[in-house]
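> Below is the structure I would like to discuss, written out as structure tokens.
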Amino acid sequence: AAKASGKRQWRRFQPQQRARVMERHDLQARLNRAIADEEFTLCYQPVVDITTGDVVGFEALARWPSLGNEPVPPGQFIPLAEETGHISALGTWVLHHATADIARLQHSARRTRPPYLSVNVSARQWRDTGFLNEVCRALDTAALCRGTLQLELTESVLMQRTEQIDTLIRELKDLGVRIAVDDFGTGYSSLRYLRDFPIDVLKIDKTFIDDIPQDPRQVALVEGIIHLADTLGLQVIAEGIETQEQWELLADIGCGYGQGYLFARPMTVEQSGAVLQQRGGVRPSPQV
Ligand code: C2E
Ligand code: MG
Ligand code: MG
Ligand code: MG
């Protein structure tokens with residue numbers, strides 16, 4: 001009887017599964033074309049100094065407007081591009097376009113401390129042998145000053161520690177590129193990699209920020225991370241700040257930098273230019 005009902009269940013789920021596979025297939029085909037046709041765009045989310053609201057940098061975030069269809073969120077197309085290997089081509093495109101954009105922004109804003117650019121780099125790209133070369137090419141072409149580029153990686157990259165990753169990170173550091181750990185705390189956090197790798201920045205994942213200040217345990221965790229980072233000489237960026245209360249608490253406990261809808265949503269490069277012209281940085285708008 002169990003076997004029979006198992007069979008029936010299988011039949012019931014099959015069409016649904018098939019639809020999902022077809023959908024993935026369709027999306028994959030569209031992704032192939034989109035990469036060939038360079039259908040992607042970039043938006044930029046400001047990183048602000050928590051105490052002053054000054055914009056210190058921008059994180060490039062890929063967008064797929066996907067003509068004639070609903071825009072596909074990066075949470076969907078990035079993993080797909082990773083699986084199919086297309087992330088290398090997409091990543092190269094992002095690197096070149098973002099460096100060109102930031103060069104123009106730096107030029108027009110003429111700040112004493114030019115804003116930096118942070119680019120997300122997926123695990124697969126970190127294993128690409130041509131990656132370092134692409135970074136050099138992008139920096140040269142855009143003629144960016146040293147220290148403008150920050151590359152974000154996730155904890156998984158550091159956990160699969162290899163000779164190649166080790167060398168790559170050191171070579172990037174020699175170029176003046178800064179390394180940030182994205183979504184810090186959500187992966188296989190190991191204190192060992194903080195000791196072994198020349199990391200510059202920890203980006204505390206939004207899930208840790210969501211429940212502060214109400215949840216004292218979360219507050220303690222975030223405080224602990226900030227303290228650890230201070231001791232190791234690392235910068236901290238809190239991700240996903242949405243409320244005034246979160247912002248005030250983070251400022252109180254000495255978090256250096258932040259990103260979030262409270263300050264600014266991801267925006268076009270034109271809007272980013274306008275934000276840099278504003279005096280007094282990005283003022284958090286009170287939530288209604
Ligand atoms: P991430 O690098 O952790 O980027 C932060 C994400 O949180 C972005 O989502 C951003 O729009 C969103 N966010 C920022 N502030 C807030 C906030 O206050 N509230 C909420 N609810 N969300 C906030 P997005 O743009 O959808 O990107 C999702 C992820 O896709 C990124 O997470 C990153 O892992 C990946 N991604 C995006 N662009 C690229 C890219 O060019 N290359 C690679 N490899 N990955 C990318
Ligand atoms: Mg990121
Ligand atoms: Mg993140
Ligand atoms: Mg993320």
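Just remember, in the structure tokens the first chain shown is A, the second B, etc., residues are 1-based per chain, and ligands are 1-based in the order shown.
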Distance table requested - chain A against ligand 3, cut-off 7 Å, only C-alpha atoms and all ligand atoms: one row per qualifying residue with the closest atom pair and its distance in Å to one decimal, ordered by chain and rising residue number, as JSON lines.

{"residue": "A:Asp182", "atom": "CA", "partner": "ligand 3", "partner_atom_place_in_ligand_line": "1 (Mg)", "distance": 4.7}
{"residue": "A:Asp183", "atom": "CA", "partner": "ligand 3", "partner_atom_place_in_ligand_line": "1 (Mg)", "distance": 4.1}
{"residue": "A:Lys203", "atom": "CA", "partner": "ligand 3", "partner_atom_place_in_ligand_line": "1 (Mg)", "distance": 6.6}
{"residue": "A:Asp205", "atom": "CA", "partner": "ligand 3", "partner_atom_place_in_ligand_line": "1 (Mg)", "distance": 5.6}
{"residue": "A:Glu239", "atom": "CA", "partner": "ligand 3", "partner_atom_place_in_ligand_line": "1 (Mg)", "distance": 6.4}
> Would you write out those residues with N, CA, C and O atoms, as a PDB file, in the first residue's frame?

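Just written: again_37.pdb:
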ATOM      1  N   ASP A 182      31.799  39.319   2.330  1.00  0.00           N
ATOM      2  CA  ASP A 182      30.375  39.657   2.201  1.00  0.00           C
ATOM      3  C   ASP A 182      29.538  38.689   3.039  1.00  0.00           C
ATOM      4  O   ASP A 182      29.966  37.561   3.289  1.00  0.00           O
ATOM      5  N   ASP A 183      28.366  39.133   3.459  1.00  0.00           N
ATOM      6  CA  ASP A 183      27.422  38.285   4.201  1.00  0.00           C
ATOM      7  C   ASP A 183      28.099  37.621   5.396  1.00  0.00           C
ATOM      8  O   ASP A 183      27.825  36.461   5.714  1.00  0.00           O
ATOM      9  N   LYS A 203      31.668  42.594   6.097  1.00  0.00           N
ATOM     10  CA  LYS A 203      30.320  43.115   5.891  1.00  0.00           C
ATOM     11  C   LYS A 203      29.366  42.229   6.679  1.00  0.00           C
ATOM     12  O   LYS A 203      29.141  41.064   6.304  1.00  0.00           O
ATOM     13  N   ASP A 205      26.202  40.537   7.739  1.00  0.00           N
ATOM     14  CA  ASP A 205      24.996  40.227   6.977  1.00  0.00           C
ATOM     15  C   ASP A 205      23.749  40.865   7.584  1.00  0.00           C
ATOM     16  O   ASP A 205      23.612  41.000   8.804  1.00  0.00           O
ATOM     17  N   GLU A 239      25.226  45.630   6.844  1.00  0.00           N
ATOM     18  CA  GLU A 239      24.383  45.562   5.645  1.00  0.00           C
ATOM     19  C   GLU A 239      22.895  45.620   6.009  1.00  0.00           C
ATOM     20  O   GLU A 239      22.486  45.088   7.045  1.00  0.00           O
TER      21      GLU A 239
END
> I need the helix (DSSP H, G or I) residues of stretch 142-239 of chain A per DSSP on the backbone, written as number ranges by chain.
A: 142, 155-159, 163-174, 191-196, 206-210, 216-232
> Quote the spacing between atom 46 (C, counted along the ligand's line) of ligand 1 and atom CA of A:Asn120 in Å to one decimal place.
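About the pair atom 46 (C, counted along the ligand's line) of ligand 1 and atom CA of A:Asn120: they are 5.2 Å apart.
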> DSSP on the backbone: which residues in stretch 58-243 of chain A end up as strand (DSSP E or B)? Give the answer as a ChimeraX atom specification.
/A:58-64,72,116-120,149-153,178-184,201-204,235-238
> Could you write those residues out with N, CA and C atoms, as a short mmCIF file (atom, residue, chain, number, x, y, z; two decimals), in the first residue's frame?

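After the write, again.cif holds the following:
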data_model
loop_
_atom_site.label_atom_id
_atom_site.label_comp_id
_atom_site.auth_asym_id
_atom_site.auth_seq_id
_atom_site.Cartn_x
_atom_site.Cartn_y
_atom_site.Cartn_z
N PHE A 58 30.69 52.91 -3.28
CA PHE A 58 29.49 52.36 -3.91
C PHE A 58 29.70 50.88 -4.20
N GLU A 59 28.65 50.09 -3.94
CA GLU A 59 28.69 48.67 -4.32
C GLU A 59 27.94 48.50 -5.63
N ALA A 60 28.62 47.90 -6.61
CA ALA A 60 27.97 47.63 -7.89
C ALA A 60 27.07 46.41 -7.75
N LEU A 61 25.83 46.53 -8.22
CA LEU A 61 24.88 45.42 -8.17
C LEU A 61 24.28 45.21 -9.56
N ALA A 62 24.38 43.99 -10.04
CA ALA A 62 23.93 43.68 -11.40
C ALA A 62 22.41 43.64 -11.49
N ARG A 63 21.88 44.12 -12.60
CA ARG A 63 20.45 44.08 -12.87
C ARG A 63 20.22 43.52 -14.27
N TRP A 64 19.16 42.73 -14.38
CA TRP A 64 18.79 42.16 -15.68
C TRP A 64 17.38 42.64 -16.03
N VAL A 72 14.52 39.84 -13.79
CA VAL A 72 14.89 38.68 -12.99
C VAL A 72 15.83 39.15 -11.88
N TYR A 116 35.10 54.81 -3.24
CA TYR A 116 35.63 53.54 -3.76
C TYR A 116 34.53 52.74 -4.42
N LEU A 117 34.95 51.69 -5.12
CA LEU A 117 34.02 50.80 -5.80
C LEU A 117 34.14 49.41 -5.21
N SER A 118 33.02 48.81 -4.85
CA SER A 118 33.03 47.44 -4.35
C SER A 118 32.30 46.55 -5.35
N VAL A 119 32.94 45.46 -5.72
CA VAL A 119 32.37 44.55 -6.73
C VAL A 119 32.24 43.15 -6.13
N ASN A 120 31.07 42.55 -6.32
CA ASN A 120 30.83 41.17 -5.88
C ASN A 120 31.51 40.19 -6.83
N LEU A 149 39.51 50.03 -5.76
CA LEU A 149 38.72 48.81 -5.95
C LEU A 149 38.72 47.93 -4.71
N GLN A 150 37.50 47.50 -4.36
CA GLN A 150 37.32 46.51 -3.30
C GLN A 150 36.60 45.32 -3.91
N LEU A 151 37.05 44.13 -3.62
CA LEU A 151 36.39 42.93 -4.14
C LEU A 151 35.75 42.18 -2.97
N GLU A 152 34.49 41.77 -3.19
CA GLU A 152 33.76 41.06 -2.14
C GLU A 152 33.78 39.56 -2.41
N LEU A 153 34.05 38.79 -1.39
CA LEU A 153 33.96 37.34 -1.51
C LEU A 153 33.13 36.81 -0.36
N ARG A 178 41.40 46.07 -2.20
CA ARG A 178 40.98 45.66 -0.86
C ARG A 178 40.03 44.47 -0.94
N ILE A 179 40.07 43.64 0.09
CA ILE A 179 39.24 42.43 0.12
C ILE A 179 38.21 42.54 1.24
N ALA A 180 36.94 42.31 0.87
CA ALA A 180 35.86 42.35 1.86
C ALA A 180 35.17 40.99 1.93
N VAL A 181 34.83 40.57 3.14
CA VAL A 181 34.04 39.35 3.29
C VAL A 181 32.57 39.76 3.33
N ASP A 182 31.80 39.32 2.33
CA ASP A 182 30.38 39.66 2.20
C ASP A 182 29.54 38.69 3.04
N ASP A 183 28.37 39.13 3.46
CA ASP A 183 27.42 38.29 4.20
C ASP A 183 28.10 37.62 5.40
N PHE A 184 28.99 38.35 6.05
CA PHE A 184 29.76 37.77 7.15
C PHE A 184 28.84 37.21 8.23
N VAL A 201 37.98 44.13 5.19
CA VAL A 201 36.63 44.57 5.57
C VAL A 201 35.72 43.39 5.88
N LEU A 202 34.90 43.52 6.92
CA LEU A 202 33.84 42.54 7.17
C LEU A 202 32.50 43.22 6.92
N LYS A 203 31.67 42.59 6.10
CA LYS A 203 30.32 43.11 5.89
C LYS A 203 29.37 42.23 6.68
N ILE A 204 28.83 42.77 7.77
CA ILE A 204 27.93 41.98 8.62
C ILE A 204 26.60 41.79 7.90
N GLN A 235 37.89 46.96 8.88
CA GLN A 235 36.72 47.83 8.83
C GLN A 235 35.46 46.99 8.89
N VAL A 236 34.37 47.59 9.39
CA VAL A 236 33.09 46.88 9.44
C VAL A 236 32.02 47.67 8.69
N ILE A 237 31.27 46.97 7.86
CA ILE A 237 30.10 47.57 7.20
C ILE A 237 28.88 46.75 7.62
N ALA A 238 27.87 47.41 8.19
CA ALA A 238 26.62 46.73 8.51
C ALA A 238 25.72 46.79 7.29
#
> Let me have all residues with an atom within 6 Å of ligand 1, counting only C-alpha atoms and all ligand atoms, laid out as a list of chain:residue names.
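Final answer, ordered by chain and number: A:Leu61, A:Ala62, A:Pro73, A:Pro74, A:Gly75, A:Ile78, A:Gly91, A:Val94, A:Asn120, A:Val121, A:Ser122, A:Asp183, A:Gly240, A:Ile241, A:Glu242, A:Gln259, A:Gly260, A:Tyr261, A:Pro266.
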> Can I get the selected residues back with all heavy atoms, as a CSV table (one decimal), in the first residue's frame?

chain,number,residue,atom,x,y,z
A,61,LEU,N,25.8,46.5,-8.2
A,61,LEU,CA,24.9,45.4,-8.2
A,61,LEU,C,24.3,45.2,-9.6
A,61,LEU,O,23.8,46.1,-10.2
A,61,LEU,CB,23.8,45.7,-7.1
A,61,LEU,CG,24.3,45.7,-5.7
A,61,LEU,CD1,23.3,46.5,-4.8
A,61,LEU,CD2,24.6,44.3,-5.1
A,62,ALA,N,24.4,44.0,-10.0
A,62,ALA,CA,23.9,43.7,-11.4
A,62,ALA,C,22.4,43.6,-11.5
A,62,ALA,O,21.7,43.2,-10.6
A,62,ALA,CB,24.5,42.3,-11.8
A,73,PRO,N,15.5,38.8,-10.6
A,73,PRO,CA,16.4,39.3,-9.5
A,73,PRO,C,17.7,38.6,-9.5
A,73,PRO,O,17.8,37.4,-9.9
A,73,PRO,CB,15.6,39.0,-8.3
A,73,PRO,CG,14.6,37.9,-8.7
A,73,PRO,CD,14.3,38.1,-10.1
A,74,PRO,N,18.8,39.3,-9.0
A,74,PRO,CA,20.1,38.7,-9.0
A,74,PRO,C,20.2,37.4,-8.2
A,74,PRO,O,20.9,36.5,-8.5
A,74,PRO,CB,21.0,39.8,-8.4
A,74,PRO,CG,20.2,41.0,-8.2
A,74,PRO,CD,18.8,40.7,-8.6
A,75,GLY,N,19.3,37.4,-7.1
A,75,GLY,CA,19.3,36.1,-6.3
A,75,GLY,C,18.9,34.9,-7.2
A,75,GLY,O,19.1,33.8,-6.8
A,78,ILE,N,22.1,35.1,-10.7
A,78,ILE,CA,23.6,34.9,-10.3
A,78,ILE,C,23.8,33.4,-10.1
A,78,ILE,O,24.8,32.9,-10.6
A,78,ILE,CB,24.0,35.8,-9.2
A,78,ILE,CG1,23.9,37.3,-9.6
A,78,ILE,CG2,25.4,35.4,-8.6
A,78,ILE,CD1,25.0,37.8,-10.5
A,91,GLY,N,30.8,38.4,-14.9
A,91,GLY,CA,31.7,39.0,-13.9
A,91,GLY,C,32.7,40.0,-14.6
A,91,GLY,O,32.9,41.1,-14.1
A,94,VAL,N,30.8,43.1,-15.6
A,94,VAL,CA,30.6,43.9,-14.4
A,94,VAL,C,31.8,44.7,-14.0
A,94,VAL,O,31.8,45.9,-13.8
A,94,VAL,CB,30.1,43.1,-13.2
A,94,VAL,CG1,30.0,43.9,-11.9
A,94,VAL,CG2,28.7,42.5,-13.5
A,120,ASN,N,31.1,42.5,-6.3
A,120,ASN,CA,30.8,41.2,-5.9
A,120,ASN,C,31.5,40.2,-6.8
A,120,ASN,O,31.3,40.3,-8.0
A,120,ASN,CB,29.3,40.9,-5.8
A,120,ASN,CG,28.6,41.7,-4.8
A,120,ASN,OD1,28.7,41.4,-3.6
A,120,ASN,ND2,27.9,42.7,-5.2
A,121,VAL,N,32.3,39.3,-6.3
A,121,VAL,CA,32.9,38.3,-7.1
A,121,VAL,C,32.5,36.9,-6.6
A,121,VAL,O,32.7,36.6,-5.4
A,121,VAL,CB,34.5,38.5,-7.0
A,121,VAL,CG1,35.2,37.4,-7.8
A,121,VAL,CG2,34.9,39.9,-7.4
A,122,SER,N,32.0,36.1,-7.5
A,122,SER,CA,31.5,34.8,-7.0
A,122,SER,C,32.6,33.7,-6.9
A,122,SER,O,33.7,33.9,-7.5
A,122,SER,CB,30.4,34.3,-7.9
A,122,SER,OG,30.9,33.9,-9.1
A,183,ASP,N,28.4,39.1,3.5
A,183,ASP,CA,27.4,38.3,4.2
A,183,ASP,C,28.1,37.6,5.4
A,183,ASP,O,27.8,36.5,5.7
A,183,ASP,CB,26.8,37.2,3.3
A,183,ASP,CG,26.2,37.8,2.0
A,183,ASP,OD1,25.9,39.0,2.0
A,183,ASP,OD2,26.1,37.0,1.0
A,240,GLY,N,22.1,46.2,5.2
A,240,GLY,CA,20.7,46.2,5.3
A,240,GLY,C,20.1,47.0,6.4
A,240,GLY,O,19.1,46.6,7.1
A,241,ILE,N,20.6,48.2,6.7
A,241,ILE,CA,20.1,49.0,7.8
A,241,ILE,C,18.8,49.7,7.2
A,241,ILE,O,18.8,50.4,6.2
A,241,ILE,CB,21.1,50.1,8.2
A,241,ILE,CG1,22.4,49.5,8.6
A,241,ILE,CG2,20.5,51.0,9.3
A,241,ILE,CD1,23.5,50.5,8.8
A,242,GLU,N,17.7,49.4,7.9
A,242,GLU,CA,16.4,50.0,7.4
A,242,GLU,C,15.8,51.0,8.4
A,242,GLU,O,14.9,51.7,8.0
A,242,GLU,CB,15.5,48.8,7.1
A,242,GLU,CG,15.9,47.9,6.0
A,242,GLU,CD,14.9,46.8,5.7
A,242,GLU,OE1,14.1,46.5,6.5
A,242,GLU,OE2,15.0,46.2,4.6
A,259,GLN,N,25.3,50.3,5.1
A,259,GLN,CA,24.5,50.3,3.8
A,259,GLN,C,23.1,49.9,4.2
A,259,GLN,O,22.9,49.1,5.0
A,259,GLN,CB,25.1,49.2,2.9
A,259,GLN,CG,26.1,49.6,1.9
A,259,GLN,CD,26.5,48.4,1.0
A,259,GLN,OE1,27.0,47.4,1.6
A,259,GLN,NE2,26.5,48.5,-0.3
A,260,GLY,N,22.2,50.5,3.4
A,260,GLY,CA,20.8,50.0,3.7
A,260,GLY,C,19.8,51.0,3.1
A,260,GLY,O,20.2,52.2,2.8
A,261,TYR,N,18.6,50.6,3.0
A,261,TYR,CA,17.5,51.4,2.5
A,261,TYR,C,17.3,52.7,3.3
A,261,TYR,O,16.8,53.7,2.7
A,261,TYR,CB,16.2,50.6,2.4
A,261,TYR,CG,16.2,49.5,1.4
A,261,TYR,CD1,15.1,48.6,1.4
A,261,TYR,CD2,17.2,49.3,0.5
A,261,TYR,CE1,15.1,47.5,0.5
A,261,TYR,CE2,17.2,48.2,-0.4
A,261,TYR,CZ,16.2,47.3,-0.4
A,261,TYR,OH,16.1,46.3,-1.3
A,266,PRO,N,19.8,50.9,-4.0
A,266,PRO,CA,20.7,50.9,-5.2
A,266,PRO,C,20.1,51.8,-6.2
A,266,PRO,O,18.9,51.9,-6.3
A,266,PRO,CB,20.5,49.4,-5.6
A,266,PRO,CG,20.2,48.7,-4.4
A,266,PRO,CD,19.3,49.6,-3.6
